[in-house]
Amino acid sequence: MVAEKLKEDWSPQQISGWLKREYPSDEAMRVSHETIYRTLFVQARGVLKRELLAHLRSRRMMRKSRRASTRGQPRGQIKEAVSIRERPPEAEDRAVPGHWEGDLLSGSRNTHIATLVERSSRFVMLVRVGGKDTESVVAALSEQIRRLPKTMIDTLTWDRGPEMAAHKKFTVATDVSVYFCDPKSPWQRGTSENTNRLLRQYLPRKTDLSVHSQQDLDLIALKLNTRPRKTLSYSTPAATLAEAVALTS
């Protein structure tokens, strides 16, 4: 019944109040609006989750706790971070596609661009972000990743920067598990580090990265993805990823 009312664009608070009024003596038909939100953002999965969340008046794909705050969280101290050592073995040996590494590329005037690179194919995506704060980064990454087929992304590995402090919200929004490097060990994301060096050809240090639109970033990514790579026996990342996805789908 809650799902049906959500599809009619009722808010969780309206549903909770209506149930209490409609079924005054049946406690089994009572549910608080916070329980509805918690169920949507934590327990719901896949198509149903996306469909129901689309009916909420707030278009955010995550709900922030009144007590939650990530401000001032020191680098390396990500709450409930899952270690890279717990990442699936197939991510380490690059046997199958779907395991990505991410980072923030920095420019002048406190500007940044998020980078995503797939480990087995070296396929790269660039994401324009409005700021370095975790809400901005997680929202931009979530929007980008939800456009991908589920078979193309299963895990994401990140450094311990505070921009991914809201990693649990990211996982709720995308169904993608996040793993973190050991403290002060960004080299554990070697694919991302190497890709960032290639990207500096187009996005030099000490330049304002905010001048690049998402379309500009897509064109830069296209150049890298259609460039032959020695590590891929001179195939391109785009061709390698397409072949791998075709084999596993």
# chains A, B, ... in the order shown; residues from 1 in each chain; ligands from 1
>>> closest_atom_pairs(of="stretch 184-228 of chain A", to="stretch 105-115 of chain A", cutoff="12 Å", atoms="only C-alpha atoms", output="JSON lines")
{"residue": "A:Arg189", "atom": "CA", "partner": "A:Thr115", "partner_atom": "CA", "distance": 12.0}
{"residue": "A:Thr191", "atom": "CA", "partner": "A:Thr115", "partner_atom": "CA", "distance": 11.1}
{"residue": "A:Ser192", "atom": "CA", "partner": "A:Thr115", "partner_atom": "CA", "distance": 7.8}
{"residue": "A:Glu193", "atom": "CA", "partner": "A:Leu105", "partner_atom": "CA", "distance": 10.1}
{"residue": "A:Asn194", "atom": "CA", "partner": "A:Thr115", "partner_atom": "CA", "distance": 11.6}
{"residue": "A:Thr195", "atom": "CA", "partner": "A:Thr115", "partner_atom": "CA", "distance": 8.7}
{"residue": "A:Asn196", "atom": "CA", "partner": "A:Leu105", "partner_atom": "CA", "distance": 7.2}
{"residue": "A:Arg197", "atom": "CA", "partner": "A:Leu105", "partner_atom": "CA", "distance": 9.9}
{"residue": "A:Leu198", "atom": "CA", "partner": "A:Leu105", "partner_atom": "CA", "distance": 11.6}
{"residue": "A:Leu199", "atom": "CA", "partner": "A:Leu105", "partner_atom": "CA", "distance": 9.0}
{"residue": "A:Arg200", "atom": "CA", "partner": "A:Leu105", "partner_atom": "CA", "distance": 9.0}
{"residue": "A:Tyr202", "atom": "CA", "partner": "A:Leu105", "partner_atom": "CA", "distance": 11.8}
{"residue": "A:Leu203", "atom": "CA", "partner": "A:Gly107", "partner_atom": "CA", "distance": 8.1}
{"residue": "A:Pro204", "atom": "CA", "partner": "A:Gly107", "partner_atom": "CA", "distance": 7.7}
{"residue": "A:Arg205", "atom": "CA", "partner": "A:Gly107", "partner_atom": "CA", "distance": 5.7}
{"residue": "A:Lys206", "atom": "CA", "partner": "A:Ser108", "partner_atom": "CA", "distance": 4.6}
{"residue": "A:Thr207", "atom": "CA", "partner": "A:Ser108", "partner_atom": "CA", "distance": 5.0}
{"residue": "A:Asp208", "atom": "CA", "partner": "A:Ser108", "partner_atom": "CA", "distance": 4.9}
{"residue": "A:Leu209", "atom": "CA", "partner": "A:Thr111", "partner_atom": "CA", "distance": 5.5}
{"residue": "A:Ser210", "atom": "CA", "partner": "A:Thr111", "partner_atom": "CA", "distance": 5.9}
{"residue": "A:Val211", "atom": "CA", "partner": "A:Thr111", "partner_atom": "CA", "distance": 9.4}
{"residue": "A:His212", "atom": "CA", "partner": "A:Ile113", "partner_atom": "CA", "distance": 9.3}
{"residue": "A:Ser213", "atom": "CA", "partner": "A:Ile113", "partner_atom": "CA", "distance": 10.5}
{"residue": "A:Gln214", "atom": "CA", "partner": "A:Ile113", "partner_atom": "CA", "distance": 9.9}
{"residue": "A:Asp216", "atom": "CA", "partner": "A:Ile113", "partner_atom": "CA", "distance": 11.8}
{"residue": "A:Leu217", "atom": "CA", "partner": "A:Ile113", "partner_atom": "CA", "distance": 9.0}
{"residue": "A:Asp218", "atom": "CA", "partner": "A:Thr115", "partner_atom": "CA", "distance": 11.3}
{"residue": "A:Ile220", "atom": "CA", "partner": "A:Thr115", "partner_atom": "CA", "distance": 11.5}
{"residue": "A:Ala221", "atom": "CA", "partner": "A:Thr115", "partner_atom": "CA", "distance": 9.6}
>>> select_by_dssp(residues="stretch 25-228 of chain A", states="strand (DSSP E or B)", output="PyMOL selection string")
chain A and resi 83+99-106+112-118+124-128+155-158+177-180
>>> closest_atom_pairs(of="stretch 101-216 of chain A", to="stretch 30-42 of chain A", cutoff="12 Å", atoms="only C-alpha atoms", output="CSV")
residue,atom,partner,partner_atom,distance
A:Lys168,CA,A:Val42,CA,9.2
A:Lys169,CA,A:Phe41,CA,8.1
A:Phe170,CA,A:Phe41,CA,10.4
A:Thr171,CA,A:Val42,CA,9.2
A:Val172,CA,A:Val42,CA,6.0
A:Ala173,CA,A:Phe41,CA,7.5
A:Thr174,CA,A:Phe41,CA,10.6
A:Asp175,CA,A:Val42,CA,10.2
>>> residues_around(residues="A:Leu222", least_positions_apart="5", cutoff="10 Å", atoms="only C-alpha atoms", output="list in words")
Phe123, Val124, Met125, Leu126, Asp216, Leu217, Arg227, Pro237 and Ala238 of chain A
>>> write_last_selection(atoms="N, CA and C atoms", output="mmCIF file, in the first residue's frame")
data_model
loop_
_atom_site.group_PDB
_atom_site.id
_atom_site.type_symbol
_atom_site.label_atom_id
_atom_site.label_comp_id
_atom_site.auth_asym_id
_atom_site.auth_seq_id
_atom_site.Cartn_x
_atom_site.Cartn_y
_atom_site.Cartn_z
ATOM 1 N N PHE A 123 39.148 1.953 -19.685
ATOM 2 C CA PHE A 123 38.133 2.876 -20.194
ATOM 3 C C PHE A 123 37.900 3.970 -19.157
ATOM 4 N N VAL A 124 37.898 5.231 -19.592
ATOM 5 C CA VAL A 124 37.812 6.352 -18.654
ATOM 6 C C VAL A 124 36.547 7.164 -18.873
ATOM 7 N N MET A 125 35.995 7.677 -17.793
ATOM 8 C CA MET A 125 34.903 8.645 -17.833
ATOM 9 C C MET A 125 35.296 9.838 -16.968
ATOM 10 N N LEU A 126 34.926 11.022 -17.410
ATOM 11 C CA LEU A 126 35.190 12.247 -16.665
ATOM 12 C C LEU A 126 33.863 12.860 -16.246
ATOM 13 N N ASP A 216 32.745 18.921 -23.113
ATOM 14 C CA ASP A 216 34.200 18.987 -23.296
ATOM 15 C C ASP A 216 34.869 17.770 -22.686
ATOM 16 N N LEU A 217 34.446 17.418 -21.477
ATOM 17 C CA LEU A 217 35.043 16.281 -20.773
ATOM 18 C C LEU A 217 34.755 14.974 -21.498
ATOM 19 N N ARG A 227 42.211 5.676 -28.225
ATOM 20 C CA ARG A 227 43.659 5.699 -28.470
ATOM 21 C C ARG A 227 44.239 4.318 -28.134
ATOM 22 N N PRO A 237 40.855 1.206 -25.321
ATOM 23 C CA PRO A 237 39.991 0.941 -24.168
ATOM 24 C C PRO A 237 38.539 0.708 -24.556
ATOM 25 N N ALA A 238 38.034 1.486 -25.503
ATOM 26 C CA ALA A 238 36.631 1.349 -25.913
ATOM 27 C C ALA A 238 36.366 -0.024 -26.507
#
>>> atom_distance(atom1="atom CA of A:Gly102", atom2="atom CA of A:Ser235")
22.5 Å
>>> residues_around(residues="A:Glu135", least_positions_apart="3", cutoff="10 Å", atoms="only C-alpha atoms", output="JSON, numbers by chain")
{"A": [62, 64, 70, 130, 131, 132, 138, 139, 140, 163, 164, 165, 166, 167, 169, 170]}
>>> closest_residue(among="A:Leu104, A:Val117, A:Met152, A:Ala3", to="A:Val137", atoms="only C-alpha atoms")
A:Leu104
>>> closest_residue(among="A:Ser83, A:Thr231, A:Gln215, A:Ser120", to="A:Asp182", atoms="only C-alpha atoms")
A:Ser83
>>> atom_distance(atom1="atom CA of A:Tyr179", atom2="atom CA of A:Glu101")
9.3 Å
>>> closest_residue(among="A:Ala81, A:Glu143, A:Trp187, A:Arg119", to="A:Ala95", atoms="only C-alpha atoms")
A:Arg119
>>> residues_around(residues="A:Val96", least_positions_apart="4", cutoff="8 Å", atoms="only C-alpha atoms", output="list in words")
Glu90, Ala91, Ser120, Ala244 and Thr248 of chain A
